[in-house]
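Peer 1: Sharing my_file27.cif below, mmCIF, C-alpha atoms and all ligand atoms:
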```
data_entry
#
loop_
_atom_site.label_atom_id
_atom_site.label_comp_id
_atom_site.auth_asym_id
_atom_site.auth_seq_id
_atom_site.Cartn_x
_atom_site.Cartn_y
_atom_site.Cartn_z
CA MET A 1140 0.00 0.00 0.00
CA LYS A 1141 1.54 3.30 -1.09
CA PRO A 1142 2.34 5.72 1.78
CA THR A 1143 -0.45 8.21 2.28
CA ARG A 1144 -0.41 11.88 3.17
CA PHE A 1145 -0.58 12.56 6.95
CA MET A 1146 -4.30 13.10 7.20
CA THR A 1147 -6.68 12.66 10.11
CA LEU A 1148 -10.28 11.57 9.56
CA ASN A 1149 -11.67 14.91 10.72
CA ARG A 1150 -9.44 16.88 8.34
CA HIS A 1151 -10.29 14.52 5.47
CA ILE A 1152 -14.02 14.96 6.04
CA LEU A 1153 -13.66 18.75 6.23
CA GLU A 1154 -11.60 18.80 3.00
CA GLY A 1155 -14.27 16.61 1.38
CA GLU A 1156 -16.94 19.10 2.41
CA LYS A 1157 -14.98 21.99 0.80
CA MET A 1158 -15.12 20.11 -2.53
CA HIS A 1159 -18.94 20.05 -2.35
CA PRO A 1160 -20.25 23.60 -1.89
CA GLU A 1161 -23.76 22.28 -1.17
CA ALA A 1162 -22.41 20.57 1.98
CA THR A 1163 -23.12 22.49 5.15
CA GLY A 1164 -20.38 21.03 7.34
CA GLU A 1165 -23.03 19.05 9.19
CA LEU A 1166 -21.93 15.82 7.58
CA SER A 1167 -18.37 16.37 8.85
CA ALA A 1168 -19.64 16.99 12.36
CA LEU A 1169 -21.78 13.86 12.46
CA LEU A 1170 -19.08 11.66 10.91
CA SER A 1171 -16.59 12.95 13.49
CA GLN A 1172 -19.07 12.11 16.24
CA LEU A 1173 -19.46 8.63 14.78
CA SER A 1174 -15.70 8.19 14.93
CA MET A 1175 -15.79 9.15 18.61
CA ALA A 1176 -18.35 6.42 19.30
CA ALA A 1177 -16.16 4.00 17.29
CA LYS A 1178 -13.21 4.72 19.59
CA VAL A 1179 -15.28 3.99 22.70
CA ILE A 1180 -16.64 0.73 21.25
CA SER A 1181 -13.15 -0.25 20.07
CA LEU A 1182 -11.83 0.19 23.60
CA GLU A 1183 -14.50 -2.13 24.98
CA VAL A 1184 -14.25 -4.67 22.15
CA ASN A 1185 -10.49 -4.87 22.45
CA LYS A 1186 -10.74 -6.01 26.04
CA ALA A 1187 -13.86 -8.15 25.54
CA GLY A 1188 -11.87 -11.24 26.43
CA LEU A 1189 -10.93 -9.64 29.75
CA VAL A 1190 -14.46 -8.59 30.59
CA ASP A 1191 -15.29 -12.04 31.99
CA ILE A 1192 -12.19 -11.97 34.14
CA LEU A 1193 -12.97 -8.45 35.37
CA GLY A 1194 -16.59 -9.45 35.81
CA PHE A 1195 -15.49 -12.53 37.77
CA THR A 1196 -13.59 -10.37 40.26
CA GLY A 1197 -16.78 -8.38 40.65
CA ASP A 1198 -15.24 -5.29 39.01
CA SER A 1199 -17.43 -3.34 36.67
CA ASN A 1200 -16.16 -1.97 33.36
CA VAL A 1201 -14.35 1.38 33.08
CA HIS A 1202 -17.67 3.22 32.77
CA GLY A 1203 -18.74 1.89 36.15
CA GLU A 1204 -21.60 0.08 34.40
CA GLN A 1205 -22.76 -3.47 34.77
CA VAL A 1206 -20.98 -5.44 32.02
CA LYS A 1207 -23.38 -5.72 29.08
CA LYS A 1208 -23.53 -7.85 25.96
CA LEU A 1209 -21.30 -6.04 23.48
CA ASP A 1210 -24.11 -5.70 20.93
CA MET A 1211 -26.23 -3.75 23.41
CA PHE A 1212 -23.19 -1.83 24.67
CA ALA A 1213 -22.35 -0.69 21.12
CA HIS A 1214 -26.04 0.07 20.46
CA GLU A 1215 -26.31 2.30 23.54
CA ILE A 1216 -22.98 4.05 22.93
CA LEU A 1217 -24.02 4.95 19.38
CA ILE A 1218 -27.39 6.31 20.50
CA ARG A 1219 -25.87 8.33 23.34
CA ALA A 1220 -23.14 9.69 21.06
CA MET A 1221 -25.46 10.57 18.19
CA ASP A 1222 -28.82 11.63 19.61
CA HIS A 1223 -27.96 15.08 20.94
CA GLY A 1224 -25.73 16.63 18.23
CA GLY A 1225 -28.74 18.11 16.42
CA HIS A 1226 -27.88 16.24 13.22
CA PHE A 1227 -30.59 13.56 13.15
CA CYS A 1228 -34.36 13.55 13.01
CA VAL A 1229 -34.60 9.78 13.61
CA MET A 1230 -32.34 6.71 13.96
CA ALA A 1231 -32.77 2.95 13.51
CA SER A 1232 -30.71 0.04 14.82
CA GLU A 1233 -30.59 -3.69 14.28
CA GLU A 1234 -31.04 -3.98 18.06
CA GLU A 1235 -34.29 -1.97 18.18
CA GLU A 1236 -37.52 -3.18 16.52
CA ASP A 1237 -39.00 0.32 16.10
CA ILE A 1238 -37.44 3.61 14.94
CA ILE A 1239 -35.41 5.47 17.61
CA ARG A 1240 -36.86 8.92 18.25
CA ILE A 1241 -34.67 11.92 19.16
CA PRO A 1242 -35.44 13.01 22.77
CA GLN A 1243 -37.57 16.16 22.81
CA LYS A 1244 -34.94 18.16 24.66
CA HIS A 1245 -32.55 17.83 21.71
CA LYS A 1246 -32.54 19.81 18.42
CA ILE A 1247 -34.00 17.87 15.47
CA GLY A 1248 -31.64 17.55 12.49
CA LYS A 1249 -32.01 16.78 8.80
CA TYR A 1250 -30.23 13.41 8.63
CA VAL A 1251 -31.21 9.80 9.36
CA LEU A 1252 -28.80 7.24 10.88
CA LEU A 1253 -29.29 3.50 10.40
CA PHE A 1254 -26.79 1.14 11.99
CA ASP A 1255 -25.76 -2.35 12.90
CA PRO A 1256 -23.98 -1.60 16.18
CA LEU A 1257 -22.04 -4.84 16.30
CA ASP A 1258 -21.77 -7.05 13.23
CA GLY A 1259 -20.45 -10.60 13.45
CA SER A 1260 -21.35 -10.98 17.13
CA SER A 1261 -21.20 -14.78 16.92
CA ASN A 1262 -17.43 -14.33 16.51
CA ILE A 1263 -16.82 -12.22 19.63
CA ASP A 1264 -15.87 -15.08 21.96
CA ALA A 1265 -13.45 -16.48 19.37
CA ASN A 1266 -11.67 -13.11 19.18
CA VAL A 1267 -12.42 -12.90 15.45
CA SER A 1268 -12.85 -9.48 13.78
CA ILE A 1269 -16.24 -7.82 14.24
CA GLY A 1270 -17.55 -4.42 13.21
CA THR A 1271 -20.09 -1.61 13.21
CA ILE A 1272 -21.95 -0.65 10.00
CA PHE A 1273 -23.64 2.75 9.40
CA SER A 1274 -25.79 4.32 6.73
CA ILE A 1275 -26.76 8.00 6.51
CA LEU A 1276 -29.75 9.40 4.60
CA LYS A 1277 -31.27 12.86 4.34
CA ARG A 1278 -34.79 13.20 5.75
CA VAL A 1279 -37.72 13.38 3.31
CA THR A 1280 -40.37 14.70 5.75
CA PRO A 1281 -40.55 18.43 6.64
CA ASP A 1282 -37.68 19.84 8.73
CA GLY A 1283 -38.14 20.62 12.40
CA LYS A 1284 -40.56 17.80 13.17
CA PRO A 1285 -39.54 14.38 14.58
CA GLY A 1286 -38.46 11.98 11.85
CA THR A 1287 -40.65 9.04 10.85
CA ILE A 1288 -40.33 5.53 9.38
CA GLU A 1289 -40.75 7.19 5.97
CA ASP A 1290 -37.43 9.01 6.48
CA CYS A 1291 -35.78 5.62 7.13
CA LEU A 1292 -37.30 3.55 4.32
CA GLN A 1293 -35.47 5.09 1.34
CA GLU A 1294 -33.66 3.28 -1.47
CA GLY A 1295 -29.93 2.77 -0.96
CA TYR A 1296 -28.90 5.01 -3.87
CA LYS A 1297 -30.21 7.97 -1.80
CA GLN A 1298 -27.57 7.48 0.93
CA VAL A 1299 -25.39 10.56 1.54
CA ALA A 1300 -22.72 8.58 3.40
CA ALA A 1301 -22.02 5.02 4.54
CA GLY A 1302 -19.23 3.08 6.16
CA TYR A 1303 -18.04 0.61 8.70
CA VAL A 1304 -15.67 0.28 11.62
CA LEU A 1305 -13.65 -2.95 11.69
CA TYR A 1306 -12.40 -4.03 15.10
CA GLY A 1307 -9.59 -6.31 13.93
CA SER A 1308 -5.84 -6.53 14.36
CA SER A 1309 -6.18 -2.75 14.23
CA THR A 1310 -9.34 -0.64 14.33
CA MET A 1311 -10.22 0.84 10.94
CA LEU A 1312 -12.95 3.19 9.83
CA VAL A 1313 -13.85 3.04 6.11
CA TYR A 1314 -16.37 5.52 4.66
CA THR A 1315 -17.69 7.03 1.48
CA THR A 1316 -19.88 10.02 0.62
CA GLY A 1317 -20.16 8.65 -2.92
CA HIS A 1318 -16.94 10.33 -4.06
CA GLY A 1319 -14.38 7.60 -3.42
CA VAL A 1320 -13.80 5.21 -0.51
CA TYR A 1321 -11.29 6.10 2.22
CA GLY A 1322 -9.82 3.95 5.01
CA PHE A 1323 -8.49 5.26 8.31
CA THR A 1324 -6.57 3.29 10.93
CA LEU A 1325 -6.85 4.21 14.60
CA ASP A 1326 -3.51 5.11 16.13
CA PRO A 1327 -4.10 4.17 19.79
CA ALA A 1328 -1.06 6.23 20.82
CA PHE A 1329 -2.98 9.45 20.31
CA GLY A 1330 -6.46 8.23 19.57
CA GLU A 1331 -6.69 9.58 16.01
CA PHE A 1332 -7.94 7.82 12.88
CA LEU A 1333 -5.18 8.37 10.29
CA LEU A 1334 -5.65 7.96 6.51
CA SER A 1335 -4.11 4.58 5.64
CA HIS A 1336 -6.07 3.58 2.48
CA ASP A 1337 -6.47 6.54 0.11
CA ASN A 1338 -9.23 6.29 -2.51
CA ILE A 1339 -9.69 2.50 -2.41
CA GLN A 1340 -10.57 0.93 -5.80
CA ILE A 1341 -11.76 -2.69 -5.75
CA PRO A 1342 -9.89 -4.89 -8.29
CA GLU A 1343 -12.05 -5.53 -11.41
CA ASN A 1344 -11.72 -9.29 -10.89
CA GLY A 1345 -10.55 -11.59 -8.11
CA ARG A 1346 -9.77 -15.11 -7.04
CA ILE A 1347 -11.44 -15.17 -3.61
CA TYR A 1348 -15.03 -16.30 -3.18
CA SER A 1349 -16.70 -15.93 0.21
CA ILE A 1350 -19.87 -17.85 1.12
CA ASN A 1351 -21.06 -20.14 3.90
CA GLU A 1352 -20.77 -23.49 2.08
CA GLY A 1353 -22.53 -25.16 5.01
CA ASN A 1354 -25.80 -24.13 3.34
CA TYR A 1355 -24.96 -26.06 0.13
CA LEU A 1356 -27.92 -28.41 0.65
CA TYR A 1357 -30.38 -25.49 0.30
CA TRP A 1358 -28.70 -23.67 -2.60
CA HIS A 1359 -30.49 -23.17 -5.93
CA ASN A 1360 -28.95 -24.83 -9.00
CA GLY A 1361 -27.56 -21.63 -10.53
CA LEU A 1362 -25.46 -20.97 -7.43
CA LYS A 1363 -24.34 -24.62 -7.25
CA LYS A 1364 -23.20 -24.45 -10.89
CA TYR A 1365 -21.33 -21.19 -10.24
CA ILE A 1366 -19.46 -22.56 -7.23
CA LYS A 1367 -18.70 -25.78 -9.15
CA TYR A 1368 -17.27 -23.60 -11.96
CA LEU A 1369 -14.97 -21.80 -9.49
CA GLN A 1370 -13.85 -25.09 -7.97
CA SER A 1371 -13.04 -26.66 -11.33
CA ASN A 1372 -11.32 -23.72 -13.02
CA THR A 1373 -8.36 -21.46 -12.35
CA TYR A 1374 -7.92 -17.68 -12.33
CA ASP A 1375 -4.57 -16.39 -13.60
CA ASP A 1376 -3.44 -20.06 -13.69
CA LYS A 1377 -4.06 -20.49 -9.96
CA PRO A 1378 -7.08 -22.10 -8.24
CA TYR A 1379 -9.80 -19.87 -6.78
CA GLN A 1380 -9.65 -19.49 -2.99
CA ALA A 1381 -12.49 -19.92 -0.46
CA ARG A 1382 -12.38 -17.47 2.44
CA TYR A 1383 -15.28 -17.04 4.91
CA ILE A 1384 -14.92 -15.23 8.24
CA GLY A 1385 -18.60 -15.03 9.14
CA SER A 1386 -18.47 -11.32 10.02
CA MET A 1387 -19.87 -9.35 7.10
CA VAL A 1388 -17.65 -6.34 7.86
CA ALA A 1389 -14.47 -8.49 7.77
CA ASP A 1390 -15.51 -10.44 4.65
CA VAL A 1391 -16.50 -7.26 2.79
CA HIS A 1392 -13.34 -5.41 3.88
CA ARG A 1393 -11.15 -8.22 2.51
CA THR A 1394 -13.21 -8.27 -0.72
CA LEU A 1395 -12.84 -4.48 -1.08
CA LEU A 1396 -9.05 -4.66 -0.72
CA TYR A 1397 -8.21 -7.97 -2.44
CA GLY A 1398 -11.09 -8.30 -4.90
CA GLY A 1399 -13.33 -11.33 -5.41
CA ILE A 1400 -16.93 -11.86 -4.29
CA PHE A 1401 -18.88 -12.03 -1.04
CA MET A 1402 -22.27 -13.73 -1.10
CA TYR A 1403 -25.12 -14.33 1.27
CA PRO A 1404 -27.57 -15.87 -1.21
CA ALA A 1405 -31.25 -16.72 -1.23
CA ASP A 1406 -31.72 -20.42 -0.63
CA LYS A 1407 -34.59 -22.92 -0.27
CA ARG A 1408 -34.93 -22.16 3.44
CA ASN A 1409 -34.47 -18.39 3.30
CA PRO A 1410 -35.76 -16.90 0.01
CA ASN A 1411 -34.54 -13.45 1.20
CA GLY A 1412 -31.18 -14.64 2.51
CA LYS A 1413 -30.11 -13.50 5.98
CA LEU A 1414 -28.53 -10.06 5.79
CA ARG A 1415 -30.59 -6.91 6.45
CA LEU A 1416 -31.09 -4.39 3.66
CA MET A 1417 -31.13 -1.11 5.56
CA TYR A 1418 -28.08 -1.36 7.83
CA GLU A 1419 -25.93 -4.13 6.31
CA CYS A 1420 -26.52 -4.50 2.55
CA ASN A 1421 -27.28 -0.89 1.54
CA PRO A 1422 -24.24 0.70 3.26
CA MET A 1423 -21.89 -2.07 2.05
CA SER A 1424 -23.28 -1.85 -1.49
CA PHE A 1425 -22.84 1.95 -1.54
CA LEU A 1426 -19.20 1.49 -0.50
CA ILE A 1427 -18.49 -1.29 -3.02
CA GLU A 1428 -20.10 0.64 -5.91
CA SER A 1429 -18.19 3.81 -4.90
CA ALA A 1430 -14.99 1.72 -5.12
CA GLY A 1431 -15.88 0.51 -8.65
CA GLY A 1432 -17.53 -2.81 -7.80
CA ARG A 1433 -21.09 -4.19 -8.06
CA ALA A 1434 -23.74 -5.31 -5.56
CA ILE A 1435 -26.91 -7.18 -6.59
CA ASP A 1436 -29.65 -9.23 -4.97
CA GLY A 1437 -29.43 -11.72 -7.84
CA LYS A 1438 -31.66 -9.74 -10.18
CA ARG A 1439 -31.11 -6.01 -9.59
CA ARG A 1440 -28.87 -3.48 -7.85
CA ILE A 1441 -29.21 -3.66 -4.09
CA LEU A 1442 -29.31 0.15 -4.04
CA GLU A 1443 -32.52 0.18 -6.12
CA ILE A 1444 -34.57 -2.04 -3.80
CA VAL A 1445 -37.58 -0.09 -2.47
CA PRO A 1446 -37.61 -0.91 1.26
CA LYS A 1447 -40.88 -1.93 2.93
CA ASP A 1448 -39.65 -2.82 6.43
CA LEU A 1449 -36.83 -1.57 8.66
CA HIS A 1450 -35.44 -5.08 9.18
CA GLN A 1451 -36.17 -6.69 5.84
CA ARG A 1452 -33.59 -9.13 4.51
CA THR A 1453 -32.17 -9.44 0.99
CA PRO A 1454 -29.91 -11.88 -0.80
CA ILE A 1455 -26.59 -10.18 -1.67
CA TYR A 1456 -23.76 -10.84 -4.13
CA LEU A 1457 -21.14 -8.07 -3.98
CA GLY A 1458 -17.55 -7.47 -5.02
CA SER A 1459 -15.40 -7.20 -8.14
CA LYS A 1460 -17.43 -6.25 -11.23
CA LYS A 1461 -16.40 -9.31 -13.27
CA CYS A 1462 -17.17 -11.71 -10.41
CA VAL A 1463 -20.66 -10.29 -9.88
CA ASP A 1464 -21.28 -10.28 -13.67
CA LEU A 1465 -20.48 -14.02 -13.72
CA ILE A 1466 -22.72 -15.07 -10.81
CA GLU A 1467 -25.49 -12.88 -12.28
CA SER A 1468 -25.31 -14.84 -15.56
CA TYR A 1469 -25.59 -18.18 -13.72
CA LEU A 1470 -28.58 -16.98 -11.69
CA LYS A 1471 -30.29 -15.55 -14.82
CA GLU A 1472 -29.79 -18.86 -16.68
CA ASP A 1473 -31.28 -20.70 -13.68
CA GLU A 1474 -34.32 -18.40 -13.71
CA GLU A 1475 -34.79 -18.97 -17.46
CA ASN A 1476 -34.55 -22.75 -17.01
CA LYS A 1477 -37.07 -22.64 -14.15
CA GLY A 1478 -39.34 -20.54 -16.32
CA GLY A 1479 -38.84 -23.04 -19.15
CA ASN A 1480 -39.95 -26.15 -17.26
P1 LIG B 1 -24.94 -9.72 13.21
O1 LIG B 1 -23.87 -10.20 14.14
O2 LIG B 1 -25.03 -8.20 13.15
O3 LIG B 1 -26.27 -10.36 13.47
O4 LIG B 1 -24.52 -10.11 11.72
C1 LIG B 1 -24.12 -11.43 11.46
C2 LIG B 1 -24.17 -11.66 9.99
C3 LIG B 1 -22.98 -11.14 9.21
O5 LIG B 1 -22.04 -10.50 10.01
C4 LIG B 1 -22.36 -12.38 8.58
O6 LIG B 1 -22.02 -12.16 7.26
C5 LIG B 1 -23.46 -13.43 8.69
O7 LIG B 1 -24.24 -13.07 9.81
C6 LIG B 1 -22.91 -14.81 8.90
O8 LIG B 1 -24.03 -15.68 8.91
P2 LIG B 1 -23.78 -17.28 8.93
O9 LIG B 1 -23.17 -17.57 10.26
O10 LIG B 1 -25.17 -17.84 8.73
O11 LIG B 1 -22.87 -17.60 7.77
MN MN B 2 -24.70 -7.69 11.12
MN MN B 3 -25.37 -6.87 14.68
#
```
Before we go any further, please render this structure as structure tokens.
Ligand code: AHG
Ligand code: MN
Ligand code: MN

Peer 2:
Amino acid sequence: MKPTRFMTLNRHILEGEKMHPEATGELSALLSQLSMAAKVISLEVNKAGLVDILGFTGDSNVHGEQVKKLDMFAHEILIRAMDHGGHFCVMASEEEEDIIRIPQKHKIGKYVLLFDPLDGSSNIDANVSIGTIFSILKRVTPDGKPGTIEDCLQEGYKQVAAGYVLYGSSTMLVYTTGHGVYGFTLDPAFGEFLLSHDNIQIPENGRIYSINEGNYLYWHNGLKKYIKYLQSNTYDDKPYQARYIGSMVADVHRTLLYGGIFMYPADKRNPNGKLRLMYECNPMSFLIESAGGRAIDGKRRILEIVPKDLHQRTPIYLGSKKCVDLIESYLKEDEENKGGN
């Protein structure tokens, strides 16, 4: 990775705003606040393994609170960090069935925040990378009033910003406002996110495919044929590689940097797959498309799906353009065959 200019996240966001005169500086403020919440969650996540030990000695965590499940901890931190800055009219979280209203005592803003506070939670106890995913929309209902479900249920192409935080060997924040994808690594020495991946472009093709092959029994034929093709052919004279971490943020981050494809498909048990449209698939698809890749549900762009429910699921195939083109052709052929018989 070529050395990057010494640039903090806050300065990068501000410089990005200058390039877009219509921006009001609000986006920079709310993204900076998000990065603050990311630092707090990172601190807690990075000592998750110790929490049981601390808990065992009866200590509470550094915030003097009863040790909570990390999902709920991250959920509460994000709400507390984001609900009073005057940027949002409404929020929505994977951990909350209904929309999250802004307390009356706080100023109502013009943005909407949708988030998955902790993604990949099944991996926490195994110390495998997990993450936070966020999606930002502009409200569609009149300013000044509390936001509604209508402000949340907008197609993904209307996002104004999206990104994720990856709590891995280092903590990274990757975001886009639709003008390029930028990665920042947290320097714990002075608590700043520093630009480490400048203007990420996903490779046009790739050798890595990422899918939970444990669901093979329920796959549709088109997908089976595609995977069989990968397993019986080579790419650049080398075999394809299977990589599956089981945390969407980690699998998508690797796909973004190395190329290839990540899939959570529809299958005979789950016709809509498993991943949620509003706070997993839309933000990740916005990032991948902004980096030059593709993201489909098998038939159309993820970003064009008209949402009906806050927690609706969608199949997803995302990554390098040529990889998604290929799986799309297998799925289309399968549809045509089904239609034919
Ligand atoms: P979450 O922890 O927010 O519920 O998300 C888990 C998701 C996603 O991170 C990952 O891609 C997928 O679950 C893995 O599912 P399987 O274990 O069924 O493969
Ligand atoms: Mn998730
Ligand atoms: Mn989650």

Peer 1: How many Å lie between CA of Pro1446 (chain A) and CA of Gly1295 (chain A), rounded to one decimal?

Peer 2: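 Taking CA of Pro1446 (chain A) as the start and CA of Gly1295 (chain A) as the end point, the length is 8.8 Å.
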
Peer 1: Pick the closest to ligand MN 2 (chain B) from A:Leu1426, A:Cys1291, A:Leu1414, A:Leu1449: which is it, counting all atoms listed in the file?

Peer 2: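 Checking each of A:Leu1426, A:Cys1291, A:Leu1414, A:Leu1449 against ligand MN 2 (chain B), counting all atoms listed in the file, the winner is A:Leu1414.
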
Peer 1: Kindly work out which residues sit at most 7 Å from ligand LIG 1 (chain B), using all atoms listed in the file, and give the list as a list of chain:residue names.

Peer 2: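 Every residue with an atom at most 7 Å from ligand LIG 1 (chain B) is listed here: A:Asp1255, A:Leu1257, A:Asp1258, A:Gly1259, A:Ser1260, A:Ser1261, A:Asn1351, A:Gly1385, A:Ser1386, A:Met1387, A:Val1388, A:Leu1414.
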
Peer 1: Could you give me, as number ranges by chain, every polymer residue with an atom at most 12 Å away from an atom of ligand MN 2 (chain B), counting all atoms listed in the file?

Peer 2: A: 1210, 1232-1234, 1254-1262, 1269-1273, 1303, 1385-1391, 1403, 1413-1420, 1422-1423, 1450, 1452

Peer 1: Provide the CA of Lys1363 (chain A) to CA of Ala1405 (chain A) distance in Å, to one decimal place.

Peer 2: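 For CA of Lys1363 (chain A) relative to CA of Ala1405 (chain A), the distance reads 12.1 Å.
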
Peer 1: What does the distance between CA of His1226 (chain A) and CA of Phe1332 (chain A) come to in Å, to one decimal place?

Peer 2: 21.6 Å

Peer 1: Write out as a ChimeraX atom specification each polymer residue whose atoms come within 6 Å of Tyr1456 (chain A), counting only C-alpha atoms; drop sequence neighbours fewer than 4 positions from it.

Peer 2: /A:1401-1402,1434-1435

Peer 1: Can you work out which one of A:Glu1165, A:Asp1237, A:Asp1282, A:Asp1337 has the shortest atom-to-atom distance to His1151 (chain A), counting only C-alpha atoms?

Peer 2: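 Smallest separation from His1151 (chain A) among the options: A:Asp1337.
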
Peer 1: Place a sphere of radius 12 Å on (-23.4, 9.6, 21.5) in the file coordinates and name every protein, DNA or RNA residue with an atom inside or on its surface, counting all atoms listed in the file; give the answer as JSON, numbers by chain.

Peer 2: {"A": [1169, 1170, 1171, 1172, 1173, 1174, 1175, 1176, 1177, 1178, 1179, 1180, 1212, 1213, 1214, 1215, 1216, 1217, 1218, 1219, 1220, 1221, 1222, 1223, 1224, 1225, 1226, 1227, 1241]}

Peer 1: Emit the selected residues as a compact mmCIF listing (two decimals), in the coordinates of the input, including C-alpha atoms.

Peer 2:
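Wrote out.txt, looks like this:
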```
# COMPACT_ATOMS: atom_id res chain seq x y z
CA LEU A 1169 -21.78 13.86 12.46
CA LEU A 1170 -19.08 11.66 10.91
CA SER A 1171 -16.59 12.95 13.49
CA GLN A 1172 -19.07 12.11 16.24
CA LEU A 1173 -19.46 8.63 14.78
CA SER A 1174 -15.70 8.19 14.93
CA MET A 1175 -15.79 9.15 18.61
CA ALA A 1176 -18.35 6.42 19.30
CA ALA A 1177 -16.16 4.00 17.29
CA LYS A 1178 -13.21 4.72 19.59
CA VAL A 1179 -15.28 3.99 22.70
CA ILE A 1180 -16.64 0.73 21.25
CA PHE A 1212 -23.19 -1.83 24.67
CA ALA A 1213 -22.35 -0.69 21.12
CA HIS A 1214 -26.04 0.07 20.46
CA GLU A 1215 -26.31 2.30 23.54
CA ILE A 1216 -22.98 4.05 22.93
CA LEU A 1217 -24.02 4.95 19.38
CA ILE A 1218 -27.39 6.31 20.50
CA ARG A 1219 -25.87 8.33 23.34
CA ALA A 1220 -23.14 9.69 21.06
CA MET A 1221 -25.46 10.57 18.19
CA ASP A 1222 -28.82 11.63 19.61
CA HIS A 1223 -27.96 15.08 20.94
CA GLY A 1224 -25.73 16.63 18.23
CA GLY A 1225 -28.74 18.11 16.42
CA HIS A 1226 -27.88 16.24 13.22
CA PHE A 1227 -30.59 13.56 13.15
CA ILE A 1241 -34.67 11.92 19.16
```

Peer 1: Give me the residues within 7 Å of Tyr1321 (chain A) as a list in words, counting only C-alpha atoms and dropping any in the same chain fewer than 3 places off.

Peer 2: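 Near Tyr1321 (chain A), the qualifying residues are Val1313, Tyr1314, Thr1315, His1336, Asp1337, Asn1338 and Ile1339 of chain A.
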
Peer 1: Set the distance at 10 Å and use all atoms listed in the file: which residues neighbour Asn1354 (chain A) once local chain neighbours fewer than 5 positions away are removed? I'd like the list as a list in words.

Peer 2: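 Residues near the query, excluding close chain neighbours: Pro1404, Asp1406, Lys1407 and Arg1408 of chain A.
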
Peer 1: What's around region 1364-1370 of chain A at 12 Å? Count all atoms listed in the file, leave out sequence neighbours fewer than 5 positions away in its own chain, and write the answer as a CSV table (one decimal) with C-alpha atoms, keeping the file's coordinate frame.

Peer 2:
```
chain,number,residue,atom,x,y,z
A,1345,GLY,CA,-10.6,-11.6,-8.1
A,1346,ARG,CA,-9.8,-15.1,-7.0
A,1347,ILE,CA,-11.4,-15.2,-3.6
A,1348,TYR,CA,-15.0,-16.3,-3.2
A,1349,SER,CA,-16.7,-15.9,0.2
A,1350,ILE,CA,-19.9,-17.8,1.1
A,1351,ASN,CA,-21.1,-20.1,3.9
A,1352,GLU,CA,-20.8,-23.5,2.1
A,1355,TYR,CA,-25.0,-26.1,0.1
A,1358,TRP,CA,-28.7,-23.7,-2.6
A,1359,HIS,CA,-30.5,-23.2,-5.9
A,1377,LYS,CA,-4.1,-20.5,-10.0
A,1378,PRO,CA,-7.1,-22.1,-8.2
A,1379,TYR,CA,-9.8,-19.9,-6.8
A,1380,GLN,CA,-9.6,-19.5,-3.0
A,1381,ALA,CA,-12.5,-19.9,-0.5
A,1399,GLY,CA,-13.3,-11.3,-5.4
A,1400,ILE,CA,-16.9,-11.9,-4.3
A,1402,MET,CA,-22.3,-13.7,-1.1
A,1462,CYS,CA,-17.2,-11.7,-10.4
A,1463,VAL,CA,-20.7,-10.3,-9.9
A,1464,ASP,CA,-21.3,-10.3,-13.7
A,1465,LEU,CA,-20.5,-14.0,-13.7
A,1466,ILE,CA,-22.7,-15.1,-10.8
A,1467,GLU,CA,-25.5,-12.9,-12.3
A,1468,SER,CA,-25.3,-14.8,-15.6
A,1469,TYR,CA,-25.6,-18.2,-13.7
A,1470,LEU,CA,-28.6,-17.0,-11.7
A,1471,LYS,CA,-30.3,-15.6,-14.8
A,1472,GLU,CA,-29.8,-18.9,-16.7
A,1473,ASP,CA,-31.3,-20.7,-13.7
```

Peer 1: With all atoms listed in the file as the atoms that count, which of A:Leu1305, A:Val1229, A:Val1320, A:Leu1253 lies nearest to Thr1280 (chain A)?

Peer 2: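 Of the candidates, the smallest distance to Thr1280 (chain A) is held by A:Val1229.
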
Peer 1: Please return, as a short mmCIF file (atom, residue, chain, number, x, y, z; two decimals) with C-alpha atoms, keeping the file's coordinate frame, all polymer residues that have at least one atom within 9 Å of the point (-24.4, 8.0, -1.2); use all atoms listed in the file and the file's own coordinate frame.

Peer 2:
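Saved to point17.cif:
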```
data_model
loop_
_atom_site.label_atom_id
_atom_site.label_comp_id
_atom_site.auth_asym_id
_atom_site.auth_seq_id
_atom_site.Cartn_x
_atom_site.Cartn_y
_atom_site.Cartn_z
CA SER A 1274 -25.79 4.32 6.73
CA ILE A 1275 -26.76 8.00 6.51
CA LEU A 1276 -29.75 9.40 4.60
CA GLY A 1295 -29.93 2.77 -0.96
CA TYR A 1296 -28.90 5.01 -3.87
CA LYS A 1297 -30.21 7.97 -1.80
CA GLN A 1298 -27.57 7.48 0.93
CA VAL A 1299 -25.39 10.56 1.54
CA ALA A 1300 -22.72 8.58 3.40
CA ALA A 1301 -22.02 5.02 4.54
CA THR A 1315 -17.69 7.03 1.48
CA THR A 1316 -19.88 10.02 0.62
CA GLY A 1317 -20.16 8.65 -2.92
CA HIS A 1318 -16.94 10.33 -4.06
CA PRO A 1422 -24.24 0.70 3.26
CA PHE A 1425 -22.84 1.95 -1.54
CA LEU A 1426 -19.20 1.49 -0.50
CA SER A 1429 -18.19 3.81 -4.90
#
```
